[in-house]
Amino acid sequence: MIRNSFLASPLLAACAIPALASVTVNTPSNGATVSTPFTLSALATTCSDQTVSAMGYSLDSSSDTTIIDATSIDAAVTAAAGAHTLHVKAWGDKGASCVTDVAITVTDPVTDSSSSSTVPSDAVSVSNIQTLGTWEEANDPGTDGPSSGSMKLVTSPAVSGDSREFVTSFSGSGGEIYHVAFGDDTSSENFFYDGWVYLTSSASSIANLEMDMNQVAADGQTVIYGFQCDGYSGTWDYTENAGTPSKPTDHWVHSSASCDVRNWSRSAWHHVQISYSRNDSGDVTYHSVWLDGAESGINATVPSSFALGWAPVLLTNFQVDGLGSGSNTVYLDELKISRW
């Protein structure tokens with residue numbers, strides 16, 4: 001349970017006891033530059049030889065402390081841009097108080113630097129797609145082995161308060177496709193994918209992380225916007241139809257932009273944004289991808305129209321491909337797709 005207001009807590013009496021530094025802060029590190037929201041990961045088992053009964057955190061000189069009735073913290077913290085001191089606290093069961101201070105610098109939100117200059121004000125946007133109740137999952141037959149998956153909405157870790165947890169089990173480097181329809185629009189030709197991805201220590205078993213979108217166009221053809229972080233080649237990849245719409249060959253193309261999901265930091269949120277468009281012939285242009293605010297230009301146009309016989313739909317896939325055999329857990333939050 002999280003309670004916002006240190007003043008309402010019976011632990012107020014602990015303020016009179018000198019603070020000891022026995023709180024371990026895993027992330028962020030002291031002196032780190034972070035985007036907002038940033039991930040706070042910390043733990044404390046004892047405080048001044050007392051068993052820890054609760055932890056909490058605050059920023060700068062604020063009297064508003066978020067208190068968590070646990071011996072660890074895993075939270076997404078929002079802060080204004082600029083330099084801050086993060087106070088991470090623990091309280092013993094007999095009144096002791098411990099604190100570790102971490103100096104951080106918060107950068108401007110990534111959204112301001114990319115989507116605001118890319119997405120026009122009159123674009124149609126569907127937000128928090130991760131919360132839709134119609135998500136489904138299936139093994140990807142294009143991968144080498146079997147897989148199974150499960151999903152649920154969770155409140156931690158979360159950016160918005162409701163993230164979707166994906167737990168994938170696999171062998172033989174199998175991959176699991178998680179997908180959901182979020183509307184239909186046959187006329188829009190420009191799209192901006194915007195989501196937050198959280199990795200745990202299990203990310204070492206992820207081969208590829210795929211973030212796709214499918215659109216049935218006015219001519220009845222399905223346009224596939226396929227995009228992934230490829231851990232085998234270490235690049236951002238995109239798909240093309242190397243055949244014809246009636247006899248398609250779905251093919252991955254390596255870009256010159258580097259990406260390996262196994263190199264992304266753990267226990268942290270990562271902001272992924274992708275810009276792409278199509279023409280009336282179903283040729284897709286992949287413009288750019290942003291990872292935590294760093295832009296990589298793709299600038300590639302490829303045929304990507306498929307005669308699949310689908311009814312009009314907008315659909316997004318979130319696919320986790322395994323590496324070898326094992327399981328992993330990934331979280332997706334604030335998934336927003338804009339179109340115009």
# chains A, B, ... in the order shown; residues from 1 in each chain; ligands from 1
>>> select_by_dssp(residues="range 137-219 of chain A", states="strand (DSSP E)", output="ChimeraX atom specification")
/A:137-139,147-154,163-170,175-183,190-199,206-216
>>> residues_around(residues="Gly149 in chain A", least_positions_apart="5", cutoff="12 Å", atoms="only C-alpha atoms", output="list in words")
Trp135, Glu136, Glu137, Ala138, Asn139, Asp140, Glu165, Phe166, Val167, Thr168, Ser169, Phe170, Gly174, Gly175, Glu176, Ile177, Tyr178, His179, Phe318, Gln319, Val320, Asp321, Gly322, Gly326, Ser327, Asn328, Thr329 and Val330 of chain A
>>> residues_around(residues="Met213 in chain A", least_positions_apart="2", cutoff="9 Å", atoms="only C-alpha atoms", output="PyMOL selection string")
chain A and resi 193+211+215+223-227+314-317
>>> residues_around(residues="Val261 in chain A", least_positions_apart="2", cutoff="7 Å", atoms="only C-alpha atoms", output="number ranges by chain")
A: 208-209, 229, 231, 259, 263-264
>>> write_last_selection(atoms="C-alpha atoms", output="mmCIF file, in the first residue's frame")
data_model
loop_
_atom_site.group_PDB
_atom_site.id
_atom_site.type_symbol
_atom_site.label_atom_id
_atom_site.label_comp_id
_atom_site.auth_asym_id
_atom_site.auth_seq_id
_atom_site.Cartn_x
_atom_site.Cartn_y
_atom_site.Cartn_z
ATOM 1 C CA ASN A 208 14.422 -9.724 -30.173
ATOM 2 C CA LEU A 209 11.793 -7.241 -29.011
ATOM 3 C CA CYS A 229 15.279 -4.401 -31.832
ATOM 4 C CA GLY A 231 19.656 -8.868 -30.561
ATOM 5 C CA CYS A 259 20.061 -1.819 -31.094
ATOM 6 C CA ASN A 263 22.192 -4.019 -23.587
ATOM 7 C CA TRP A 264 19.294 -1.931 -22.273
#
>>> residues_around(residues="Asp122 in chain A", least_positions_apart="2", cutoff="12 Å", atoms="only C-alpha atoms", output="short mmCIF file (atom, residue, chain, number, x, y, z; two decimals) with C-alpha atoms, in the first residue's frame")
data_model
loop_
_atom_site.label_atom_id
_atom_site.label_comp_id
_atom_site.auth_asym_id
_atom_site.auth_seq_id
_atom_site.Cartn_x
_atom_site.Cartn_y
_atom_site.Cartn_z
CA SER A 116 5.62 17.17 -30.47
CA THR A 118 6.43 14.93 -35.50
CA VAL A 119 2.75 14.51 -34.63
CA PRO A 120 0.44 17.33 -35.83
CA VAL A 124 -6.02 11.05 -34.00
CA SER A 125 -4.41 9.28 -31.05
CA SER A 338 -1.13 8.54 -33.35
CA ARG A 339 -2.27 8.74 -36.95
CA TRP A 340 -3.06 11.39 -39.53
#
>>> closest_residue(among="A:Thr244, A:Ser61, A:Ser267, A:Gln273", to="Trp196 in chain A", atoms="only C-alpha atoms")
A:Gln273
>>> select_by_dssp(residues="range 55-256 of chain A", states="alpha helix (DSSP H)", output="PyMOL selection string")
chain A and resi 110-113+115-118
>>> write_last_selection(atoms="N, CA and C atoms", output="PDB file, in the first residue's frame")
ATOM      1  N   VAL A 110      11.076  13.164 -23.021  1.00  0.00           N
ATOM      2  CA  VAL A 110      11.412  12.804 -24.399  1.00  0.00           C
ATOM      3  C   VAL A 110      10.289  13.172 -25.352  1.00  0.00           C
ATOM      4  N   THR A 111       9.051  13.043 -24.883  1.00  0.00           N
ATOM      5  CA  THR A 111       7.906  13.322 -25.743  1.00  0.00           C
ATOM      6  C   THR A 111       7.995  14.728 -26.325  1.00  0.00           C
ATOM      7  N   ASP A 112       8.476  15.681 -25.569  1.00  0.00           N
ATOM      8  CA  ASP A 112       8.545  17.054 -26.051  1.00  0.00           C
ATOM      9  C   ASP A 112       9.510  17.204 -27.209  1.00  0.00           C
ATOM     10  N   SER A 113      10.566  16.402 -27.230  1.00  0.00           N
ATOM     11  CA  SER A 113      11.604  16.575 -28.234  1.00  0.00           C
ATOM     12  C   SER A 113      11.338  15.803 -29.511  1.00  0.00           C
ATOM     13  N   SER A 115       7.852  13.590 -30.380  1.00  0.00           N
ATOM     14  CA  SER A 115       6.486  13.500 -30.876  1.00  0.00           C
ATOM     15  C   SER A 115       5.864  14.868 -31.116  1.00  0.00           C
ATOM     16  N   SER A 116       6.237  15.865 -30.308  1.00  0.00           N
ATOM     17  CA  SER A 116       5.621  17.172 -30.474  1.00  0.00           C
ATOM     18  C   SER A 116       6.029  17.814 -31.793  1.00  0.00           C
ATOM     19  N   SER A 117       7.201  17.461 -32.302  1.00  0.00           N
ATOM     20  CA  SER A 117       7.641  17.999 -33.575  1.00  0.00           C
ATOM     21  C   SER A 117       7.272  17.107 -34.735  1.00  0.00           C
ATOM     22  N   THR A 118       6.758  15.906 -34.456  1.00  0.00           N
ATOM     23  CA  THR A 118       6.427  14.935 -35.497  1.00  0.00           C
ATOM     24  C   THR A 118       4.931  14.775 -35.679  1.00  0.00           C
TER      25      THR A 118
END
>>> atom_distance(atom1="CA of Ile104 in chain A", atom2="CA of Pro157 in chain A")
20.3 Å
>>> closest_residue(among="A:Asp237, A:Glu334, A:Glu210, A:Asp74", to="Asn299 in chain A", atoms="only C-alpha atoms")
A:Asp237
>>> closest_residue(among="A:Tyr198, A:Tyr331, A:Phe191, A:Trp236", to="Tyr276 in chain A", atoms="only C-alpha atoms")
A:Phe191
>>> closest_residue(among="A:Ile129, A:Met55, A:Ala79, A:Ile67", to="Val99 in chain A", atoms="only C-alpha atoms")
A:Met55
